[in-house]
2 protein chains.
Amino acid sequence: MDPRPIGVFDSGLGGLTAVRRLRQIMPSEHIIYFGDTSRVPYGNRSSDTILKYARQDLRFLRSFDLKAALIACGTVSSNCLTQLQRENDIPVIGVVEPTVRRAADLTRNKRVGLIATRASVNSGAYQRQMTKLDPQVEMFSQSCPLFVPLVEEGRFRPGDVVIETVAREYLKPLQDAGVDTLVLGCTHYPLLEDVIGEIMGEHVELIDAGCESAYAVRRHLKEHDALAPEGQTGSADFYASDRVADFERLAAIFLHEDISHTAWQIDIETY
Amino acid sequence: MDPRPIGVFDSGLGGLTAVRRLRQIMPSEHIIYFGDTSRVPYGNRSSDTILKYARQDLRFLRSFDLKAALIACGTVSSNCLTQLQRENDIPVIGVVEPTVRRAADLTRNKRVGLIATRASVNSGAYQRQMTKLDPQVEMFSQSCPLFVPLVEEGRFRPGDVVIETVAREYLKPLQDAGVDTLVLGCTHYPLLEDVIGEIMGEHVELIDAGCESAYAVRRHLKEHDALAPEGQTGSADFYASDRVADFERLAAIFLHEDISHTAWQIDIETY
């Protein structure tokens, strides 16, 4: 057993979908979350910049004595997970492996779609992971650069012509490819589940990166006998690199809980 | 006369609309442009973060021996121009004063609209400037947080249902207010001139921040006898904080000229 906290970071708020699931399935754990809101979004940046930012994010989280870190960001996970794992002496878990594993398990026709940021798609990481797990599965990838700004503007509800038009456009090639499983490779996308589900139809399984990565963390801790003592009362602390009032306001949407006056601002460039 | 270069910066690419105009009206000037592409966009960030980034941007530009600096960014201009002017011993020109002056000159019914980023609108800077110039003019402000991501995704052309829906929504209150003049308070927005013009109608004058601020720079240099010697062959150098290949590709759209292989990447966090 290990009472120490789990660190979680994302470029912004999307990673809170993972935190929400972590708290549901492991209520005894301490969680420390960092959202790099002063530099969000990462999804259109170069891989060098993404690595640089991710290193700073992880260095900040490691100023706490963590037992594990979850990179709840598709862009970072797909661009530099191996590097971050090499540089850190604690387990560092990303979203690519857990989501691809789940997709490989669920697909019946061996045709899997991926939607993610441009940097995630360009990295080829999901494709490589799938080839490793099941070389017979064909993957079809589509970058969706407008999904993050639209979600952050609250435009994620069915009936909004803007999100529906953009979503239909992005998803068309995946529908045409006849995928029966779709990886939501960005932790912002679970908020679009209704819109995406309606377009793709009931027969297509949606895989939620935040959710799958939370289960992956639990599996890892269990295997290494590092879960929190059962009597422990879990907690969550929130840090952001820009003004926390804005962070707290939007965080409620992702977390389904109010975190007013509980977040702290830090200067990420000093890490 | 002063042969030294003019520095220009923006959070990303929008400021290139000002560079384009500067080069048209002052072909003898040397221009050094910096686009903070690793931290774009600024428009939803807090004023503290905007000031911090703007200081670094200007410190980088001032590693060259400048005769003047143009803040070709509505968000920075409206949030911290005075501070930056106080901290620098060269003229620092922003986009607020020149655009508001032009709007005050052009309006006939004394009803002026402003569209800009959330941070620009929240700053109240345009309103204050207008009250100073002509207290009889009423200003109506609307933040348009999706315009920058949509423009950067190339969705600025009439006929695109996404940009047209978003634009109609944002512009409705300004139409209802009966403005006859509309300040495009962000240097990304000139690319939306056709879409916005079609919605607002021919009788509404659109004021282009990049363009007006370029004229303001020329006025200032002329008044202080600091224009470049006439025989001088002007030039433009481009710097960005993320990968220059991406910057160069998009820059062509804003500049209407090809700048392949001429931009340099710098690490803005070290300034």
# chains A, B, ... in the order shown; residues from 1 in each chain; ligands from 1

call {"tool": "residues_around", "arguments": {"residues": "Cys73 (chain A)", "least_positions_apart": "5", "cutoff": "10 Å", "atoms": "only C-alpha atoms", "output": "PyMOL selection string"}}
result
chain A and resi 8-16+18+35+42-43+54+78+94-96+120+185-188+209-210

call {"tool": "write_last_selection", "arguments": {"atoms": "C-alpha atoms", "output": "mmCIF file, in the first residue's frame"}}
result
data_model
loop_
_atom_site.group_PDB
_atom_site.id
_atom_site.type_symbol
_atom_site.label_atom_id
_atom_site.label_comp_id
_atom_site.auth_asym_id
_atom_site.auth_seq_id
_atom_site.Cartn_x
_atom_site.Cartn_y
_atom_site.Cartn_z
ATOM 1 C CA VAL A 8 -2.193 14.242 -13.155
ATOM 2 C CA PHE A 9 -1.608 16.898 -15.777
ATOM 3 C CA ASP A 10 -3.083 18.182 -18.986
ATOM 4 C CA SER A 11 -2.554 21.231 -21.191
ATOM 5 C CA GLY A 12 -5.747 22.649 -19.744
ATOM 6 C CA LEU A 13 -9.016 21.323 -18.451
ATOM 7 C CA GLY A 14 -9.591 18.160 -20.469
ATOM 8 C CA GLY A 15 -7.575 16.024 -18.060
ATOM 9 C CA LEU A 16 -10.231 16.641 -15.435
ATOM 10 C CA ALA A 18 -9.643 11.531 -15.999
ATOM 11 C CA GLY A 35 -3.633 22.318 -15.926
ATOM 12 C CA TYR A 42 -0.901 22.049 -26.996
ATOM 13 C CA GLY A 43 -2.578 20.254 -29.908
ATOM 14 C CA ALA A 54 5.439 18.465 -20.645
ATOM 15 C CA SER A 78 1.353 10.523 -28.085
ATOM 16 C CA GLY A 94 -0.331 7.992 -20.734
ATOM 17 C CA VAL A 95 -3.627 7.706 -22.580
ATOM 18 C CA VAL A 96 -2.477 5.995 -25.786
ATOM 19 C CA SER A 120 -1.436 13.477 -31.709
ATOM 20 C CA GLY A 185 -7.914 10.498 -28.208
ATOM 21 C CA CYS A 186 -8.178 13.834 -26.406
ATOM 22 C CA THR A 187 -9.452 14.266 -22.865
ATOM 23 C CA HIS A 188 -11.664 17.165 -23.995
ATOM 24 C CA ALA A 209 -9.276 8.516 -23.025
ATOM 25 C CA GLY A 210 -9.811 10.023 -19.577
#

call {"tool": "residues_around", "arguments": {"residues": "region 79-93 of chain B", "least_positions_apart": "3", "cutoff": "8 Å", "atoms": "only C-alpha atoms", "output": "list in words"}}
result
Ser47, Ile50, Leu51, Arg55, Leu66, Lys67, Ala68, Ala69, Leu70, Ile71, Thr75, Val76, Ala119, Ser120, Ser123, Ala125, Ser213, Ala216 and Val217 of chain B

call {"tool": "write_last_selection", "arguments": {"atoms": "C-alpha atoms", "output": "mmCIF file, in the first residue's frame"}}
result
data_model
loop_
_atom_site.group_PDB
_atom_site.id
_atom_site.type_symbol
_atom_site.label_atom_id
_atom_site.label_comp_id
_atom_site.auth_asym_id
_atom_site.auth_seq_id
_atom_site.Cartn_x
_atom_site.Cartn_y
_atom_site.Cartn_z
ATOM 1 C CA SER B 47 -4.219 40.247 -17.734
ATOM 2 C CA ILE B 50 -0.741 38.768 -20.926
ATOM 3 C CA LEU B 51 1.559 41.365 -19.342
ATOM 4 C CA ARG B 55 7.188 41.912 -21.587
ATOM 5 C CA LEU B 66 14.872 49.412 -32.525
ATOM 6 C CA LYS B 67 13.643 52.918 -33.199
ATOM 7 C CA ALA B 68 10.027 51.994 -32.365
ATOM 8 C CA ALA B 69 7.826 49.043 -31.474
ATOM 9 C CA LEU B 70 4.350 48.250 -32.715
ATOM 10 C CA ILE B 71 2.180 45.993 -30.583
ATOM 11 C CA THR B 75 -5.192 41.825 -26.522
ATOM 12 C CA VAL B 76 -1.794 43.166 -25.427
ATOM 13 C CA ALA B 119 -9.413 39.917 -22.712
ATOM 14 C CA SER B 120 -9.559 43.019 -24.937
ATOM 15 C CA SER B 123 -10.041 45.503 -20.350
ATOM 16 C CA ALA B 125 -9.509 50.093 -23.027
ATOM 17 C CA SER B 213 -1.766 50.936 -36.456
ATOM 18 C CA ALA B 216 -0.034 55.425 -36.723
ATOM 19 C CA VAL B 217 3.567 54.207 -36.820
#

call {"tool": "interface_residues", "arguments": {"of": "chain A", "to": "chain B", "cutoff": "9 Å", "atoms": "only C-alpha atoms", "output": "PyMOL selection string"}}
result
chain A and resi 37-42+45-49+145-146+149-150+153+161-163+165-166+241-243+246+269

call {"tool": "write_last_selection", "arguments": {"atoms": "N, CA and C atoms", "output": "PDB file, in the first residue's frame"}}
result
ATOM      1  N   THR A  37      -3.005  26.133 -18.091  1.00  0.00           N
ATOM      2  CA  THR A  37      -3.965  27.030 -18.737  1.00  0.00           C
ATOM      3  C   THR A  37      -3.339  28.287 -19.343  1.00  0.00           C
ATOM      4  N   SER A  38      -2.101  28.610 -18.959  1.00  0.00           N
ATOM      5  CA  SER A  38      -1.478  29.801 -19.553  1.00  0.00           C
ATOM      6  C   SER A  38      -0.866  29.487 -20.922  1.00  0.00           C
ATOM      7  N   ARG A  39      -0.799  28.178 -21.275  1.00  0.00           N
ATOM      8  CA  ARG A  39      -0.188  27.826 -22.563  1.00  0.00           C
ATOM      9  C   ARG A  39      -1.067  26.888 -23.389  1.00  0.00           C
ATOM     10  N   VAL A  40      -2.258  26.577 -22.867  1.00  0.00           N
ATOM     11  CA  VAL A  40      -3.198  25.743 -23.596  1.00  0.00           C
ATOM     12  C   VAL A  40      -3.560  26.453 -24.903  1.00  0.00           C
ATOM     13  N   PRO A  41      -3.870  25.805 -26.009  1.00  0.00           N
ATOM     14  CA  PRO A  41      -3.828  24.374 -26.226  1.00  0.00           C
ATOM     15  C   PRO A  41      -2.469  23.900 -26.746  1.00  0.00           C
ATOM     16  N   TYR A  42      -2.149  22.635 -26.500  1.00  0.00           N
ATOM     17  CA  TYR A  42      -0.901  22.049 -26.996  1.00  0.00           C
ATOM     18  C   TYR A  42      -1.063  21.448 -28.406  1.00  0.00           C
ATOM     19  N   ARG A  45       0.840  22.554 -31.500  1.00  0.00           N
ATOM     20  CA  ARG A  45       2.230  22.962 -31.350  1.00  0.00           C
ATOM     21  C   ARG A  45       3.165  21.866 -31.862  1.00  0.00           C
ATOM     22  N   SER A  46       4.441  22.241 -32.041  1.00  0.00           N
ATOM     23  CA  SER A  46       5.424  21.275 -32.543  1.00  0.00           C
ATOM     24  C   SER A  46       5.799  20.285 -31.439  1.00  0.00           C
ATOM     25  N   SER A  47       6.370  19.139 -31.828  1.00  0.00           N
ATOM     26  CA  SER A  47       6.694  18.122 -30.827  1.00  0.00           C
ATOM     27  C   SER A  47       7.787  18.611 -29.872  1.00  0.00           C
ATOM     28  N   ASP A  48       8.693  19.451 -30.340  1.00  0.00           N
ATOM     29  CA  ASP A  48       9.725  20.002 -29.445  1.00  0.00           C
ATOM     30  C   ASP A  48       9.097  20.850 -28.344  1.00  0.00           C
ATOM     31  N   THR A  49       8.176  21.703 -28.745  1.00  0.00           N
ATOM     32  CA  THR A  49       7.514  22.565 -27.768  1.00  0.00           C
ATOM     33  C   THR A  49       6.683  21.729 -26.798  1.00  0.00           C
ATOM     34  N   PRO A 145      -8.876  19.840 -35.009  1.00  0.00           N
ATOM     35  CA  PRO A 145      -8.297  20.988 -34.309  1.00  0.00           C
ATOM     36  C   PRO A 145      -9.309  21.970 -33.719  1.00  0.00           C
ATOM     37  N   LEU A 146     -10.536  21.970 -34.195  1.00  0.00           N
ATOM     38  CA  LEU A 146     -11.500  22.935 -33.638  1.00  0.00           C
ATOM     39  C   LEU A 146     -12.286  22.390 -32.445  1.00  0.00           C
ATOM     40  N   PRO A 149     -11.170  24.250 -28.873  1.00  0.00           N
ATOM     41  CA  PRO A 149     -11.747  25.588 -28.660  1.00  0.00           C
ATOM     42  C   PRO A 149     -13.274  25.578 -28.581  1.00  0.00           C
ATOM     43  N   LEU A 150     -13.934  24.748 -29.358  1.00  0.00           N
ATOM     44  CA  LEU A 150     -15.400  24.726 -29.297  1.00  0.00           C
ATOM     45  C   LEU A 150     -15.882  24.212 -27.939  1.00  0.00           C
ATOM     46  N   GLU A 153     -15.461  26.771 -25.317  1.00  0.00           N
ATOM     47  CA  GLU A 153     -16.474  27.827 -25.423  1.00  0.00           C
ATOM     48  C   GLU A 153     -17.870  27.310 -25.075  1.00  0.00           C
ATOM     49  N   VAL A 161     -25.578  24.125 -34.247  1.00  0.00           N
ATOM     50  CA  VAL A 161     -25.239  23.893 -35.647  1.00  0.00           C
ATOM     51  C   VAL A 161     -23.723  23.973 -35.887  1.00  0.00           C
ATOM     52  N   VAL A 162     -23.030  24.776 -35.074  1.00  0.00           N
ATOM     53  CA  VAL A 162     -21.586  24.937 -35.277  1.00  0.00           C
ATOM     54  C   VAL A 162     -20.848  23.644 -34.943  1.00  0.00           C
ATOM     55  N   ILE A 163     -21.048  23.134 -33.733  1.00  0.00           N
ATOM     56  CA  ILE A 163     -20.338  21.904 -33.368  1.00  0.00           C
ATOM     57  C   ILE A 163     -20.821  20.744 -34.240  1.00  0.00           C
ATOM     58  N   THR A 165     -21.897  20.813 -37.385  1.00  0.00           N
ATOM     59  CA  THR A 165     -21.310  20.909 -38.729  1.00  0.00           C
ATOM     60  C   THR A 165     -19.847  20.477 -38.711  1.00  0.00           C
ATOM     61  N   VAL A 166     -19.101  21.016 -37.742  1.00  0.00           N
ATOM     62  CA  VAL A 166     -17.681  20.684 -37.645  1.00  0.00           C
ATOM     63  C   VAL A 166     -17.518  19.187 -37.392  1.00  0.00           C
ATOM     64  N   SER A 241      -1.768  27.288 -14.403  1.00  0.00           N
ATOM     65  CA  SER A 241      -0.723  28.295 -14.661  1.00  0.00           C
ATOM     66  C   SER A 241      -1.302  29.653 -15.011  1.00  0.00           C
ATOM     67  N   ASP A 242      -2.625  29.734 -15.186  1.00  0.00           N
ATOM     68  CA  ASP A 242      -3.250  31.051 -15.356  1.00  0.00           C
ATOM     69  C   ASP A 242      -4.267  31.251 -14.233  1.00  0.00           C
ATOM     70  N   ARG A 243      -4.968  32.357 -14.281  1.00  0.00           N
ATOM     71  CA  ARG A 243      -5.888  32.777 -13.228  1.00  0.00           C
ATOM     72  C   ARG A 243      -6.834  31.642 -12.818  1.00  0.00           C
ATOM     73  N   ASP A 246     -10.924  31.553 -13.581  1.00  0.00           N
ATOM     74  CA  ASP A 246     -11.385  31.038 -14.876  1.00  0.00           C
ATOM     75  C   ASP A 246     -11.326  29.508 -14.893  1.00  0.00           C
ATOM     76  N   GLU A 269       6.696  28.435 -15.970  1.00  0.00           N
ATOM     77  CA  GLU A 269       7.965  28.667 -16.682  1.00  0.00           C
ATOM     78  C   GLU A 269       9.177  28.572 -15.755  1.00  0.00           C
TER      79      GLU A 269
END

call {"tool": "select_by_dssp", "arguments": {"residues": "region 31-262 of chain A", "states": "alpha helix (DSSP H)", "output": "count of residues only"}}
result
112

call {"tool": "calpha_fit_and_write", "arguments": {"fixed": "chain A", "moving": "chain B", "output": "short mmCIF file (atom, residue, chain, number, x, y, z; two decimals) with C-alpha atoms, in the first residue's frame"}}
result
data_model
loop_
_atom_site.label_atom_id
_atom_site.label_comp_id
_atom_site.auth_asym_id
_atom_site.auth_seq_id
_atom_site.Cartn_x
_atom_site.Cartn_y
_atom_site.Cartn_z
CA MET B 1 0.02 0.00 0.00
CA ASP B 2 1.16 3.52 -0.74
CA PRO B 3 -0.56 6.59 0.70
CA ARG B 4 1.29 9.05 -1.56
CA PRO B 5 -0.57 11.12 -4.13
CA ILE B 6 -1.06 10.51 -7.86
CA GLY B 7 -0.10 13.45 -10.09
CA VAL B 8 -2.19 14.24 -13.14
CA PHE B 9 -1.60 16.89 -15.77
CA ASP B 10 -3.07 18.19 -18.98
CA SER B 11 -2.56 21.23 -21.19
CA GLY B 12 -5.75 22.65 -19.73
CA LEU B 13 -9.02 21.32 -18.44
CA GLY B 14 -9.59 18.16 -20.47
CA GLY B 15 -7.58 16.03 -18.05
CA LEU B 16 -10.23 16.64 -15.43
CA THR B 17 -12.33 13.99 -17.19
CA ALA B 18 -9.65 11.54 -16.01
CA VAL B 19 -9.63 13.02 -12.49
CA ARG B 20 -13.38 12.59 -12.28
CA ARG B 21 -13.06 8.89 -13.10
CA LEU B 22 -10.06 8.41 -10.77
CA ARG B 23 -12.10 9.81 -7.90
CA GLN B 24 -15.04 7.58 -8.74
CA ILE B 25 -13.07 4.34 -8.88
CA MET B 26 -10.43 5.12 -6.21
CA PRO B 27 -12.01 7.41 -3.62
CA SER B 28 -9.15 6.82 -1.16
CA GLU B 29 -6.46 8.33 -3.39
CA HIS B 30 -4.91 11.78 -3.10
CA ILE B 31 -4.81 13.46 -6.50
CA ILE B 32 -2.79 16.50 -7.51
CA TYR B 33 -3.88 18.04 -10.80
CA PHE B 34 -2.04 20.60 -12.90
CA GLY B 35 -3.64 22.33 -15.90
CA ASP B 36 -1.28 24.44 -18.03
CA THR B 37 -3.97 27.04 -18.73
CA SER B 38 -1.47 29.80 -19.55
CA ARG B 39 -0.19 27.83 -22.57
CA VAL B 40 -3.22 25.76 -23.59
CA PRO B 41 -3.83 24.37 -26.22
CA TYR B 42 -0.92 22.04 -27.00
CA GLY B 43 -2.58 20.25 -29.91
CA ASN B 44 -1.28 22.42 -32.76
CA ARG B 45 2.23 22.96 -31.36
CA SER B 46 5.41 21.27 -32.55
CA SER B 47 6.69 18.11 -30.83
CA ASP B 48 9.72 19.99 -29.45
CA THR B 49 7.51 22.57 -27.77
CA ILE B 50 5.18 19.86 -26.46
CA LEU B 51 8.11 17.98 -24.90
CA LYS B 52 9.47 21.15 -23.31
CA TYR B 53 6.09 22.04 -21.79
CA ALA B 54 5.43 18.46 -20.64
CA ARG B 55 8.79 18.30 -18.86
CA GLN B 56 7.98 21.47 -16.97
CA ASP B 57 4.50 20.18 -16.11
CA LEU B 58 5.91 16.95 -14.74
CA ARG B 59 8.72 18.73 -12.88
CA PHE B 60 6.10 20.86 -11.14
CA LEU B 61 4.02 17.81 -10.18
CA ARG B 62 7.14 16.06 -8.91
CA SER B 63 7.75 18.86 -6.45
CA PHE B 64 5.25 16.67 -4.56
CA ASP B 65 6.27 13.16 -3.48
CA LEU B 66 4.22 11.22 -6.06
CA LYS B 67 3.78 7.48 -6.39
CA ALA B 68 2.69 7.76 -10.05
CA ALA B 69 1.89 10.30 -12.74
CA LEU B 70 -0.91 10.24 -15.27
CA ILE B 71 -0.48 12.26 -18.45
CA ALA B 72 -4.13 13.00 -19.06
CA CYS B 73 -3.36 14.70 -22.36
CA GLY B 74 -3.52 12.90 -25.69
CA THR B 75 -1.09 15.33 -27.30
CA VAL B 76 1.66 14.83 -24.71
CA SER B 77 1.01 11.09 -24.38
CA SER B 78 1.36 10.53 -28.09
CA ASN B 79 4.35 12.81 -28.62
CA CYS B 80 6.73 12.15 -25.72
CA LEU B 81 5.57 9.48 -23.26
CA THR B 82 8.66 7.28 -23.73
CA GLN B 83 10.99 10.20 -23.15
CA LEU B 84 9.15 11.24 -19.98
CA GLN B 85 9.17 7.64 -18.71
CA ARG B 86 12.92 7.42 -19.28
CA GLU B 87 13.53 10.65 -17.40
CA ASN B 88 11.41 9.80 -14.36
CA ASP B 89 11.85 7.12 -11.71
CA ILE B 90 8.14 6.78 -10.97
CA PRO B 91 5.54 5.14 -13.22
CA VAL B 92 4.32 7.55 -15.90
CA ILE B 93 1.09 6.47 -17.56
CA GLY B 94 -0.35 8.00 -20.72
CA VAL B 95 -3.64 7.71 -22.57
CA VAL B 96 -2.47 6.00 -25.79
CA GLU B 97 -1.85 2.45 -24.60
CA PRO B 98 -5.03 2.11 -22.48
CA THR B 99 -7.35 3.47 -25.19
CA VAL B 100 -5.79 1.47 -28.00
CA ARG B 101 -5.93 -1.70 -25.88
CA ARG B 102 -9.61 -1.13 -25.21
CA ALA B 103 -10.29 -0.46 -28.89
CA ALA B 104 -8.46 -3.66 -29.92
CA ASP B 105 -10.61 -5.58 -27.41
CA LEU B 106 -13.88 -4.10 -28.58
CA THR B 107 -13.63 -3.95 -32.35
CA ARG B 108 -15.40 -6.73 -34.20
CA ASN B 109 -14.65 -5.71 -37.79
CA LYS B 110 -11.02 -4.72 -37.06
CA ARG B 111 -11.61 -1.17 -38.24
CA VAL B 112 -10.89 1.42 -35.56
CA GLY B 113 -11.14 5.19 -35.84
CA LEU B 114 -9.08 7.78 -33.96
CA ILE B 115 -9.98 11.40 -33.45
CA ALA B 116 -7.39 13.58 -31.75
CA THR B 117 -5.45 16.83 -32.03
CA ARG B 118 -3.22 17.46 -35.03
CA ALA B 119 -0.05 16.80 -33.02
CA SER B 120 -1.43 13.49 -31.72
CA VAL B 121 -2.44 12.26 -35.16
CA ASN B 122 0.85 13.37 -36.70
CA SER B 123 2.84 11.53 -34.03
CA GLY B 124 1.60 8.16 -35.33
CA ALA B 125 1.66 6.85 -31.74
CA TYR B 126 -1.84 5.35 -31.76
CA GLN B 127 -1.13 3.55 -35.03
CA ARG B 128 2.15 2.14 -33.71
CA GLN B 129 0.53 0.98 -30.49
CA MET B 130 -2.24 -0.78 -32.41
CA THR B 131 0.24 -2.52 -34.70
CA LYS B 132 1.98 -3.81 -31.57
CA LEU B 133 -1.25 -5.06 -29.97
CA ASP B 134 -3.06 -6.39 -33.03
CA PRO B 135 -1.49 -5.90 -36.45
CA GLN B 136 -4.71 -7.00 -38.11
CA VAL B 137 -6.63 -3.94 -36.96
CA GLU B 138 -6.73 -1.10 -39.45
CA MET B 139 -6.72 2.40 -37.96
CA PHE B 140 -8.24 5.52 -39.53
CA SER B 141 -7.14 8.82 -38.02
CA GLN B 142 -8.69 12.26 -38.19
CA SER B 143 -7.37 15.40 -36.50
CA CYS B 144 -10.04 17.70 -35.08
CA PRO B 145 -8.30 20.99 -34.32
CA LEU B 146 -11.51 22.93 -33.65
CA PHE B 147 -12.95 20.54 -31.07
CA VAL B 148 -10.91 21.90 -28.14
CA PRO B 149 -11.75 25.60 -28.68
CA LEU B 150 -15.40 24.72 -29.31
CA VAL B 151 -15.63 22.64 -26.13
CA GLU B 152 -13.90 25.35 -24.11
CA GLU B 153 -16.47 27.83 -25.43
CA GLY B 154 -19.22 25.55 -24.16
CA ARG B 155 -20.34 24.51 -27.65
CA PHE B 156 -20.55 20.78 -27.11
CA ARG B 157 -24.30 20.20 -26.96
CA PRO B 158 -26.40 18.48 -29.62
CA GLY B 159 -28.49 20.98 -31.54
CA ASP B 160 -25.66 23.55 -31.90
CA VAL B 161 -25.24 23.90 -35.66
CA VAL B 162 -21.60 24.95 -35.29
CA ILE B 163 -20.34 21.92 -33.39
CA GLU B 164 -22.60 19.62 -35.40
CA THR B 165 -21.32 20.92 -38.75
CA VAL B 166 -17.68 20.69 -37.66
CA ALA B 167 -18.19 17.23 -36.14
CA ARG B 168 -19.98 15.87 -39.21
CA GLU B 169 -17.15 17.14 -41.39
CA TYR B 170 -14.41 15.62 -39.21
CA LEU B 171 -16.22 12.30 -38.75
CA LYS B 172 -17.29 11.74 -42.37
CA PRO B 173 -14.08 9.92 -43.45
CA LEU B 174 -14.35 7.62 -40.42
CA GLN B 175 -17.97 6.82 -41.18
CA ASP B 176 -17.00 6.14 -44.79
CA ALA B 177 -14.26 3.83 -43.56
CA GLY B 178 -16.86 1.81 -41.67
CA VAL B 179 -15.13 1.86 -38.26
CA ASP B 180 -17.04 0.10 -35.47
CA THR B 181 -14.93 1.59 -32.67
CA LEU B 182 -13.79 5.18 -32.22
CA VAL B 183 -11.01 6.32 -29.90
CA LEU B 184 -11.64 9.79 -28.46
CA GLY B 185 -7.92 10.50 -28.20
CA CYS B 186 -8.17 13.84 -26.42
CA THR B 187 -9.46 14.28 -22.88
CA HIS B 188 -11.66 17.17 -24.02
CA TYR B 189 -13.71 14.96 -26.29
CA PRO B 190 -15.83 13.07 -23.71
CA LEU B 191 -17.90 16.26 -23.49
CA LEU B 192 -18.73 15.72 -27.15
CA GLU B 193 -19.91 12.15 -26.60
CA ASP B 194 -23.57 12.97 -27.37
CA VAL B 195 -22.78 14.88 -30.56
CA ILE B 196 -20.30 12.29 -31.78
CA GLY B 197 -22.50 9.35 -30.76
CA GLU B 198 -25.43 10.75 -32.68
CA ILE B 199 -23.39 11.15 -35.85
CA MET B 200 -21.55 7.82 -35.66
CA GLY B 201 -24.62 5.82 -34.61
CA GLU B 202 -25.26 3.34 -31.82
CA HIS B 203 -23.28 0.54 -33.40
CA VAL B 204 -20.00 2.45 -33.00
CA GLU B 205 -18.29 2.13 -29.61
CA LEU B 206 -16.72 5.33 -28.27
CA ILE B 207 -13.56 4.97 -26.19
CA ASP B 208 -12.97 7.71 -23.62
CA ALA B 209 -9.28 8.51 -23.02
CA GLY B 210 -9.82 10.02 -19.57
CA CYS B 211 -11.78 7.02 -18.41
CA GLU B 212 -9.52 4.31 -19.84
CA SER B 213 -6.38 5.96 -18.50
CA ALA B 214 -7.91 6.16 -15.01
CA TYR B 215 -8.52 2.40 -15.11
CA ALA B 216 -4.94 1.90 -16.33
CA VAL B 217 -3.65 3.79 -13.29
CA ARG B 218 -5.72 1.60 -10.97
CA ARG B 219 -4.47 -1.58 -12.67
CA HIS B 220 -0.88 -0.44 -12.32
CA LEU B 221 -1.19 0.49 -8.65
CA LYS B 222 -2.98 -2.78 -7.87
CA GLU B 223 -0.33 -4.87 -9.60
CA HIS B 224 2.38 -3.09 -7.63
CA ASP B 225 0.47 -3.16 -4.35
CA ALA B 226 0.54 0.63 -4.33
CA LEU B 227 -3.12 1.54 -3.82
CA ALA B 228 -3.93 3.92 -0.99
CA PRO B 229 -4.81 2.39 2.40
CA GLU B 230 -8.53 1.73 2.34
CA GLY B 231 -9.34 3.87 5.35
CA GLN B 232 -7.66 6.91 3.76
CA THR B 233 -9.97 9.75 2.80
CA GLY B 234 -9.09 10.79 -0.73
CA SER B 235 -8.62 14.37 -1.83
CA ALA B 236 -7.93 16.42 -4.92
CA ASP B 237 -5.79 19.52 -5.21
CA PHE B 238 -5.86 21.69 -8.31
CA TYR B 239 -3.15 23.90 -9.76
CA ALA B 240 -3.21 25.99 -12.93
CA SER B 241 -0.73 28.28 -14.65
CA ASP B 242 -3.25 31.06 -15.35
CA ARG B 243 -5.89 32.77 -13.22
CA VAL B 244 -7.64 30.18 -11.08
CA ALA B 245 -11.06 31.86 -11.14
CA ASP B 246 -11.40 31.04 -14.86
CA PHE B 247 -10.06 27.54 -14.26
CA GLU B 248 -12.50 26.86 -11.43
CA ARG B 249 -15.48 28.07 -13.43
CA LEU B 250 -14.80 25.75 -16.38
CA ALA B 251 -13.54 22.88 -14.22
CA ALA B 252 -17.04 22.38 -12.85
CA ILE B 253 -18.21 21.32 -16.32
CA PHE B 254 -15.53 18.66 -16.64
CA LEU B 255 -15.58 17.41 -13.05
CA HIS B 256 -19.32 17.62 -12.39
CA GLU B 257 -18.39 19.15 -9.03
CA ASP B 258 -17.76 22.62 -7.70
CA ILE B 259 -14.14 23.47 -6.87
CA SER B 260 -14.56 27.18 -6.17
CA HIS B 261 -11.73 28.70 -4.14
CA THR B 262 -9.69 25.51 -4.03
CA ALA B 263 -7.31 25.94 -6.96
CA TRP B 264 -3.85 27.56 -6.85
CA GLN B 265 -1.91 29.42 -9.49
CA ILE B 266 1.76 28.61 -10.17
CA ASP B 267 4.37 30.00 -12.58
CA ILE B 268 5.08 27.00 -14.81
CA GLU B 269 7.96 28.67 -16.68
CA THR B 270 10.09 28.49 -13.52
CA TYR B 271 10.01 24.65 -13.52
#

call {"tool": "select_by_dssp", "arguments": {"residues": "region 76-205 of chain A", "states": "strand (DSSP E or B)", "output": "PyMOL selection string"}}
result
chain A and resi 92-93+111-116+138-143+181-184+205
